[in-house]
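Scroll down for the structure; my scribbles are underneath it.
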Amino acid sequence: MSHESTASPVASLGTAIASRIRHSPLILPLVGLALVSIAMAFASQNFFTVDNILNILRQQSIIGILAIGMTFVILTGGIDLSVGAVMALCGTIGAGLMVNMGLPGAVGLLGIIGVGVLFGLFNGFLVAWGRMPAIIVTLATMLVARGLGLVYSGGYPISGLPGWISWFGTGRISGIPVPVIIMVILYALAWVILQRTSFGRHVYAIGGNETAAQLSGVNVKRVKLLVFMISGFTSAMAAIVLTGRLMSGQPGAGVAFELDAIAMVVLGGAAISGGRGLILGTLIGAVLLGIINNGLNLMGINPYLQDVIKGLIILLAIYIGREWR
Amino acid sequence: MLEMKGIRKAFGPIKVLHGVDLDVRAGEVHALLGENGAGKSTMMKILSGIISADEGTISIDGTPRNFANYNQAIEAGIGIVFQEFSLIPYLNAIENIFLGREMRNRFGLLDRAGMRAKASEVLGRLGVDVPLDQPIAKLSVASQQFVEIAKALTLDARILVLDEPTATLTPGEVEHLFKVMRDLRARGVALVFISHHLEEIFEICDRITVLRDGEYVGTSETAQIDTDRLVEMMVGRRIEQNFPTKPERSGMPEVVVRAKEIRLRKAGPVSSFTLRKGEILGFAGLVGSGRTETALSIMGAYPAATVDVEINGNPKTPSNPTEALARGIGLLPESRKEQGLITPFSIAQNVSLNNYAKYRTLGLFLDLRAETKHTQKVMDDVRVKAPGPHAACDTLSGGNQQKVVIARWLNHNTPILIFDEPTRGIDVGAKAEIYHLMRKLTEDGFSIIMISSELPEIVGMADRVCVFRSGAIVATLDGAEISAETVMTNATTGELKYVA
C-alpha cells in the first residue's frame with residue numbers, strides 16, 4: 001500500500017515519529033519523572049548529585065525487582081499479592097540453610113531461588129489449573145508464605161551469615177551499588193523476554209484478549225503458570241539483595257511491599273486489566289516512586305503526611321493516564 | 001387489542017425494519033416468524049420501549065401509545081419473557097417476582113407473607129408447582145420460565161410476549177407451557193409467540209405473521225396455511241448476490257475430518273459429518289441450533305458430552321485448541337473482537353500470534369524483521385487495507401480485521417479452517433472479497449467449514465451443507481439439493497437422531 005501514501009517521505013517520517021512518541025505508553029511516566037525531578041531539584045540542591053541518585057536507585061532496588069515479576073503477572077491480567085511475603089520466606093529459609101544447617105553459601109542462594117520459584121509454581125498452578133482468581137489465590141498464599149517463614153524461624157531473625165553475602169546488599173562495582181546492578185540486569189532480561197520472545201508476546205496476548213489467544217492455540221495455562229514462576233523468581237532475587245543488606249533472614253520483612261510494586265507497575269503506564277504496559281515503564285515507575293520518597297524526606301516532611309502525599313500523587317497519575325490510551 | 005403499524009427502524013446506516021405491521025387480538029396466540037435477522041427481536045424491543053421506532057405507530061385498545069422505556073410498557077400491560085431470562089440467580093422465586101416493587105407492611109418493612117401469598121396464587125393459577133424458597137439458579141429452566149411468566153402476570157400483563165420460550169425445554173415441559181398458554185388465551189390475554197419450530201407454531205398458534213429481512217411479508221390464519229407455503233414466505237425470492245462459481249467436483253477427495261459421533265448434551269441428539277479436502281462444507285441452521293458448538297467441539301474448544309473425531313486418519317480427538325492447531329485446524333471465530341483478535345496488537349503481532357517458530361533466531365528470540373516481511377506478504381495475499389504491518393488492529397474496519405484473522409491462518413498454513421459467520425458485520429464489497437478468498441483457499445487445498453446464518457451465503461458458497469436443528473445435524477445436502485427452501489425446511493422441521 002506504499003504507493004497510496006501522498007505526503008512527502010520526510011514529512012511522513014516526521015509525523016510517524018511524532019505519532020509514535022505521542023502514542024508511546026512511556027511518554028506519561030517520562031513526563032512525570034521529569035516534572036518530579038525538576039520540582040525536587042528546586043526543593044533541594046542535594047537532589048541532583050550522583051550520590052543521591054545512586055542512593056535512590058539503591059533504595060528502590062528491592063521493590064523494583066519485585067515489580068518485574070509483578071509486571072509479567074499484571075500484563076496477563078492477573079496480580080500477585082504474595083511477592084513481599086514470598087521474599088521474606090525465601091530469605092528466612094536461605095538464612096536457615098546457611099546458618100542452622102551449616103550448608104555452603106551457594107546452596108543457600110540456590111535454596112532461596114528454589115523456594116521462590118516453587119512458590120510461584122504453586123500460585124500459578126492454583127490460578128491456571130484451579131481456575132481461581134489471582135487476587136484471592138495470592139492473598140491466601142501471602143498468608144501461607146508469611147506464616148511459613150515465621151514458623152520456620154520461630155519468629156526471630158536468623159543471623160550469623162557468611163560475610164560475603166553482604167556484597168549482594170551493600171557491595172559496589174566501580175562505585176555502583178550491586179543491588180542496582182542486579183536490578184538493571186534483571187530489567188534488561190525482562191525486556192528481552194517480553195519484547196523479543198514468543199513467550200513475551202503470549203503474555204501480552206493473554207492480557208489483551210484471553211479467549212482469542214486460547215482459540216488461536218496459545219497455551220494459556222502454561223503462560224499463566226510461567227508468569228507466576230517468574231514472579232516467584234524475582235521475589236527470590238529481591239530476597240538475596242535484602243538478605244545481603246540486613247545480613248540476616250527476616251521473616252517479618254517486606255510487609256506491604258506488594259502494594260509499592262503494584263504502584264510502580266501502574267505508574268509505569270501499564271493497564272491493571274492487562275495487555276498493555278512496558279517493562280521500561282515499570283523501571284521508570286520505580287524511579288519515580290523513589291524520587292517522591294526521597295524528595296519528601298529531603299524536604300523534611302512529616303512521615304505520616306508523606307504517605308498521604310504519595311497516595312494522592314499515585315491517584316493523580318492514574319487519573320491523567322486514564323484518558324490517554 | 002395490540003396494533004403496530006408501519007414500524008421502521010435503522011441503526012445508523014443499516015435499516016433493520018422497513019415498515020412492519022403486527023396486530024394481535026385479545027385471546028389469541030400470535031406467532032411471529034422469520035429467519036435470523038428478520039427483525040423479530042427488534043419489533044419486540046420496540047414494543048417494550050427498550051428501543052424506539054423511527055417511524056410507525058403502536059396502539060393498544062385503539063389508543064396510540066408511545067413508550068419511552070420498559071417501565072411505561074409494563075404499566076400499559078405489556079409483559080415480555082426474554083430468551084435470556086432477567087431473573088437474579090441467587091434470589092428465590094418470590095423475591096424475583098416482586099423485584100423492584102416489593103410489597104411493604106405498615107412498618108415499612110417487607111411484607112413477606114403478603115408476597116408469598118400473591119406469588120403462590122399466581123403460580124397456582126398457572127397450574128405449576130415451583131419451589132418458592134429455592135434460589136432461582138437451582139430451578140429447572142422450565143420453572144424459571146414459569147417464574148418469568150408469573151412475574152409478567154403479577155404486573156397485570158394483558159399482552160404477553162414469549163421470545164423462543166421452548167428453545168431449552170424438554171417435550172414434556174413444552175406441553176405444560178402450551179397448557180398454560182391456552183389457559184391464558186382463554187382468559188383473554190393476547191400472546192405473541194416467537195419460535196423457530198414450525199410444528200409448535202401449528203400446534204398452538206391461531207395466526208402467524210412472517211417477517212423477512214425487516215420486511216412485512218404477511219399474516220395468515222394458521223388453519224389456512226401449510227409448511228411449504230410458510231417456508232416460502234420466510235425465504236422468498238432474494239436479490240442474487242455475486243458469489244464465485246462453485247468448481248466442478250469430480251470423484252471423492254480424501255476425507256480430512258471424519259466426525260463419527262458428536263453429542264453436545266448428555267442424552268441429546270447425535271451428529272456425524274465428514275469434511276473432504278478442498279471443499280466448503282456449510283453449517284446451516286437457526287441461531288442456537290448447535291452449529292458453532294459442534295464445530296468448536298472438533299477442536300477441543302467446547303465441552304460436548306461425546307466427541308469422536310478422526311483428523312487426517314488419526315483417531316485421537318483434539319482436547320484443546322493448542323493441540324488442534326498442531327493437528328492443522330484453525331478457527332475464525334464468530335466474534336472477531338471478543339474471540340479472534342488481540343485488538344491492542346498490531347497486524348503483525350496478531351498474524352504471528354500462534355506461529356512464532358517461524359521467526360526465531362537462535363531458537364529463542366523473535367526476528368522482528370522477518371515477522372514484518374512475512375506479514376506484509378500475507379497482508380498482500382488477502383488484501384488487507386492498512387498503512388502497514390504495524391498498524392494497530394483496533395483502527396481497522398470490520399472487513400479488514402476479518403482478513404487479519406484469515407491472514408493468521410494463511411501464515412500458519414493450517415489446512416482445515418473453521419469460519420464462523422465470516423461475513424457478519426462486513427460491507428458488501430469486503431464480503432465479495434472474502435468469498436473469493438475462500439474459493440482461492442479451497443483451490444489451494446484448504447478445507448473449510450463455514451458456519452453461516454445467511455441463507456444466500458450458504459446456498460451460494462457451500463459445496464455441501466449440514467443443516468442443524470435443536471443441537472444436531474438433521475440433514476446433509478449435496479450439490480443441486482442445496483436451495484434456500486430445502487435448507488429452511490430442514491432447519492425448521494428436520495428429524496433428530498438419538499443414536500449414532
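Letters A, B, ... go to the chains of the C-alpha cells in the order shown; residues in each chain start at 1; ligands are counted from 1 in the same order.
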Taking only C-alpha atoms into account and nothing else, which residues of chain B lie no more than 10 Å away from chain A? Please answer as a PDB file with C-alpha atoms, in the first residue's frame.
```
ATOM      1  CA  LEU B 296     -15.766 -25.943  18.272  1.00  0.00           C
ATOM      2  CA  MET B 299     -11.076 -28.674  18.039  1.00  0.00           C
ATOM      3  CA  GLY B 300     -11.492 -29.223  21.754  1.00  0.00           C
ATOM      4  CA  ALA B 301     -12.865 -25.743  22.400  1.00  0.00           C
ATOM      5  CA  ASN B 320      -7.728 -28.272  23.318  1.00  0.00           C
ATOM      6  CA  PRO B 321      -7.145 -25.588  20.666  1.00  0.00           C
ATOM      7  CA  THR B 322      -3.363 -25.795  21.087  1.00  0.00           C
ATOM      8  CA  GLU B 323      -3.466 -29.456  20.102  1.00  0.00           C
ATOM      9  CA  ALA B 324      -5.947 -28.708  17.302  1.00  0.00           C
ATOM     10  CA  LEU B 325      -3.534 -26.111  15.954  1.00  0.00           C
ATOM     11  CA  ALA B 326      -0.739 -28.653  15.932  1.00  0.00           C
ATOM     12  CA  ILE B 329      -7.185 -26.892  12.477  1.00  0.00           C
ATOM     13  CA  GLY B 330      -7.608 -23.137  12.593  1.00  0.00           C
ATOM     14  CA  LEU B 331     -10.622 -21.123  13.742  1.00  0.00           C
ATOM     15  CA  LEU B 332     -12.003 -17.843  12.511  1.00  0.00           C
ATOM     16  CA  PRO B 333     -14.355 -17.144  15.403  1.00  0.00           C
ATOM     17  CA  SER B 335     -16.911 -12.538  17.157  1.00  0.00           C
ATOM     18  CA  ARG B 336     -13.712 -11.005  15.861  1.00  0.00           C
ATOM     19  CA  LYS B 337     -13.274  -8.574  18.710  1.00  0.00           C
ATOM     20  CA  GLU B 338     -14.009 -10.956  21.548  1.00  0.00           C
ATOM     21  CA  GLN B 339     -12.592 -14.224  20.259  1.00  0.00           C
ATOM     22  CA  GLY B 340     -10.385 -13.543  17.277  1.00  0.00           C
ATOM     23  CA  LEU B 341      -8.201 -10.503  17.561  1.00  0.00           C
ATOM     24  CA  ILE B 342      -5.976  -9.167  20.271  1.00  0.00           C
ATOM     25  CA  THR B 343      -7.135  -5.657  19.393  1.00  0.00           C
ATOM     26  CA  PRO B 344      -4.328  -3.692  21.056  1.00  0.00           C
ATOM     27  CA  PHE B 345      -1.836  -5.742  18.991  1.00  0.00           C
ATOM     28  CA  GLN B 349       1.586  -9.293  16.144  1.00  0.00           C
ATOM     29  CA  ASN B 350      -1.858 -10.708  15.511  1.00  0.00           C
ATOM     30  CA  SER B 352       2.176 -14.225  14.029  1.00  0.00           C
ATOM     31  CA  LEU B 353       0.465 -14.845  17.377  1.00  0.00           C
ATOM     32  CA  ASN B 354       0.437 -18.627  17.174  1.00  0.00           C
ATOM     33  CA  ASN B 355       3.318 -19.147  14.810  1.00  0.00           C
ATOM     34  CA  TYR B 356       6.441 -17.715  16.327  1.00  0.00           C
ATOM     35  CA  ALA B 357       8.525 -20.752  15.463  1.00  0.00           C
ATOM     36  CA  TYR B 359      10.549 -16.181  13.175  1.00  0.00           C
ATOM     37  CA  ARG B 360      13.003 -17.484  15.714  1.00  0.00           C
ATOM     38  CA  THR B 361      16.667 -16.732  15.697  1.00  0.00           C
ATOM     39  CA  GLY B 363      15.791 -20.882  18.584  1.00  0.00           C
ATOM     40  CA  LEU B 364      14.682 -18.301  21.117  1.00  0.00           C
ATOM     41  CA  PHE B 365      14.466 -14.699  20.027  1.00  0.00           C
ATOM     42  CA  LEU B 366      11.931 -13.199  17.659  1.00  0.00           C
ATOM     43  CA  ASP B 367      13.200 -11.999  14.324  1.00  0.00           C
ATOM     44  CA  LEU B 368      11.084  -8.872  14.021  1.00  0.00           C
ATOM     45  CA  GLN B 376       3.378  -7.806   4.518  1.00  0.00           C
ATOM     46  CA  MET B 379      -1.469  -8.966   4.008  1.00  0.00           C
ATOM     47  CA  ASP B 380      -0.997  -8.615   0.249  1.00  0.00           C
ATOM     48  CA  ARG B 383      -5.577  -7.702   0.525  1.00  0.00           C
ATOM     49  CA  VAL B 384      -5.738  -6.101   3.953  1.00  0.00           C
ATOM     50  CA  LYS B 385      -6.064  -2.362   3.540  1.00  0.00           C
ATOM     51  CA  ALA B 386      -3.907  -0.786   6.236  1.00  0.00           C
ATOM     52  CA  PRO B 387      -0.998   1.625   6.487  1.00  0.00           C
ATOM     53  CA  GLY B 388       1.373  -1.257   7.157  1.00  0.00           C
ATOM     54  CA  VAL B 405      -7.634 -13.225  11.281  1.00  0.00           C
ATOM     55  CA  ARG B 408      -3.114 -15.518  10.649  1.00  0.00           C
ATOM     56  CA  TRP B 409      -4.177 -18.957   9.485  1.00  0.00           C
TER      57      TRP B 409
END
```
Practice prompt. Write out as a VMD selection string which residues come within 12 Å of Gly108 in chain A when counting only C-alpha atoms, dropping same-chain ones fewer than 4 positions away.
Written response: chain A and resid 90 to 104 112 to 115 161 to 162 165 236 239 to 240 243 249
Worksheet item: Running DSSP on the backbone, which parts of range 197-324 of chain A land in helix (DSSP H, G or I), as an MDAnalysis selection string?
Response: chainID A and resid 198:208 210:215 220:246 257:267 279:298 303:322
Written file, previous selection with C-alpha atoms, as a short mmCIF file (atom, residue, chain, number, x, y, z; two decimals), in the first residue's frame:
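again-v7.cif, freshly written:
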```cif
data_model
loop_
_atom_site.label_atom_id
_atom_site.label_comp_id
_atom_site.auth_asym_id
_atom_site.auth_seq_id
_atom_site.Cartn_x
_atom_site.Cartn_y
_atom_site.Cartn_z
CA SER A 198 7.19 -15.61 21.66
CA PHE A 199 6.50 -16.24 25.33
CA GLY A 200 6.57 -12.47 25.90
CA ARG A 201 4.12 -11.92 23.06
CA HIS A 202 1.83 -14.55 24.55
CA VAL A 203 1.92 -12.70 27.88
CA TYR A 204 0.60 -9.58 26.19
CA ALA A 205 -1.88 -11.56 24.09
CA ILE A 206 -3.48 -13.18 27.13
CA GLY A 207 -3.89 -9.84 28.87
CA GLY A 208 -5.25 -8.30 25.66
CA GLU A 210 -7.55 -14.30 26.67
CA THR A 211 -10.32 -16.01 24.67
CA ALA A 212 -8.82 -15.03 21.34
CA ALA A 213 -5.38 -16.14 22.46
CA GLN A 214 -6.71 -19.51 23.55
CA LEU A 215 -8.75 -20.07 20.40
CA VAL A 220 -2.82 -20.04 28.13
CA LYS A 221 -2.39 -22.20 31.23
CA ARG A 222 1.30 -22.72 30.65
CA VAL A 223 1.90 -19.00 30.15
CA LYS A 224 -0.01 -18.15 33.31
CA LEU A 225 1.98 -20.72 35.26
CA LEU A 226 5.23 -19.28 33.94
CA VAL A 227 4.45 -15.65 34.80
CA PHE A 228 3.82 -16.63 38.40
CA MET A 229 7.06 -18.61 38.42
CA ILE A 230 8.86 -15.53 37.11
CA SER A 231 7.25 -13.51 39.88
CA GLY A 232 8.47 -16.11 42.37
CA PHE A 233 11.94 -15.89 40.87
CA THR A 234 12.11 -12.11 41.16
CA SER A 235 10.84 -12.38 44.75
CA ALA A 236 13.81 -14.68 45.38
CA MET A 237 16.24 -12.25 43.74
CA ALA A 238 14.84 -9.46 45.90
CA ALA A 239 15.34 -11.75 48.90
CA ILE A 240 19.03 -12.17 48.04
CA VAL A 241 19.53 -8.41 47.97
CA LEU A 242 17.52 -7.96 51.16
CA THR A 243 19.41 -10.70 52.99
CA GLY A 244 22.69 -9.18 51.90
CA ARG A 245 21.69 -5.80 53.18
CA LEU A 246 20.30 -6.96 56.53
CA PHE A 257 5.93 -4.35 49.50
CA GLU A 258 3.45 -5.84 47.02
CA LEU A 259 1.49 -2.61 47.12
CA ASP A 260 4.51 -0.48 46.24
CA ALA A 261 5.38 -2.95 43.47
CA ILE A 262 1.85 -2.64 42.03
CA ALA A 263 2.12 1.15 42.28
CA MET A 264 5.36 1.05 40.27
CA VAL A 265 3.77 -1.03 37.52
CA VAL A 266 0.76 1.25 37.32
CA LEU A 267 2.81 4.46 37.49
CA ILE A 279 8.84 -3.20 31.49
CA LEU A 280 10.76 0.04 30.94
CA GLY A 281 7.69 1.85 32.22
CA THR A 282 7.86 -0.15 35.44
CA LEU A 283 11.52 0.86 35.86
CA ILE A 284 10.52 4.50 35.40
CA GLY A 285 7.68 3.95 37.86
CA ALA A 286 10.16 2.54 40.37
CA VAL A 287 12.48 5.53 40.00
CA LEU A 288 9.55 7.93 40.14
CA LEU A 289 8.29 6.44 43.38
CA GLY A 290 11.85 6.54 44.74
CA ILE A 291 12.27 10.20 43.88
CA ILE A 292 8.98 11.03 45.54
CA ASN A 293 10.03 9.18 48.71
CA ASN A 294 13.47 10.72 48.65
CA GLY A 295 12.28 14.21 47.93
CA LEU A 296 9.68 14.16 50.67
CA ASN A 297 12.42 13.02 53.06
CA LEU A 298 14.85 15.70 51.91
CA PRO A 303 6.41 10.78 57.57
CA TYR A 304 2.71 10.28 58.23
CA LEU A 305 1.90 13.07 55.82
CA GLN A 306 4.30 11.55 53.28
CA ASP A 307 2.03 8.56 52.78
CA VAL A 308 -0.91 10.85 52.18
CA ILE A 309 1.00 12.82 49.57
CA LYS A 310 2.31 9.64 47.91
CA GLY A 311 -1.19 8.24 47.67
CA LEU A 312 -2.56 11.42 46.17
CA ILE A 313 0.28 11.57 43.61
CA ILE A 314 -0.46 7.99 42.53
CA LEU A 315 -4.16 8.82 42.17
CA LEU A 316 -3.35 11.90 40.13
CA ALA A 317 -1.00 9.95 37.86
CA ILE A 318 -3.60 7.28 37.19
CA TYR A 319 -6.28 9.89 36.62
CA ILE A 320 -4.17 11.63 33.98
CA GLY A 321 -3.20 8.32 32.38
CA ARG A 322 -6.83 7.17 32.24
#
```
Worksheet entry | Contacts of Ser61 in chain A within 7 Å, only C-alpha atoms, excl. fewer than 4 positions in-chain, as JSON, numbers by chain | {"A": [57, 65, 179, 180, 183]}
Response to the item:
From CA of Asp54 in chain B to CA of Ile14 in chain B the spacing works out at 12.5 Å
Worksheet item: range 14-256 of chain A: which residues are strand (DSSP E) by DSSP, as an NGL selection string?
Response: :A and (158-159 or 172-173 or 176-177 or 248-249)
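Between Gln60 in chain A and the candidates A:Ala41, A:Leu89, A:Val107, A:Val184, the tightest atom-to-atom separation, counting only C-alpha atoms, involves A:Val184.
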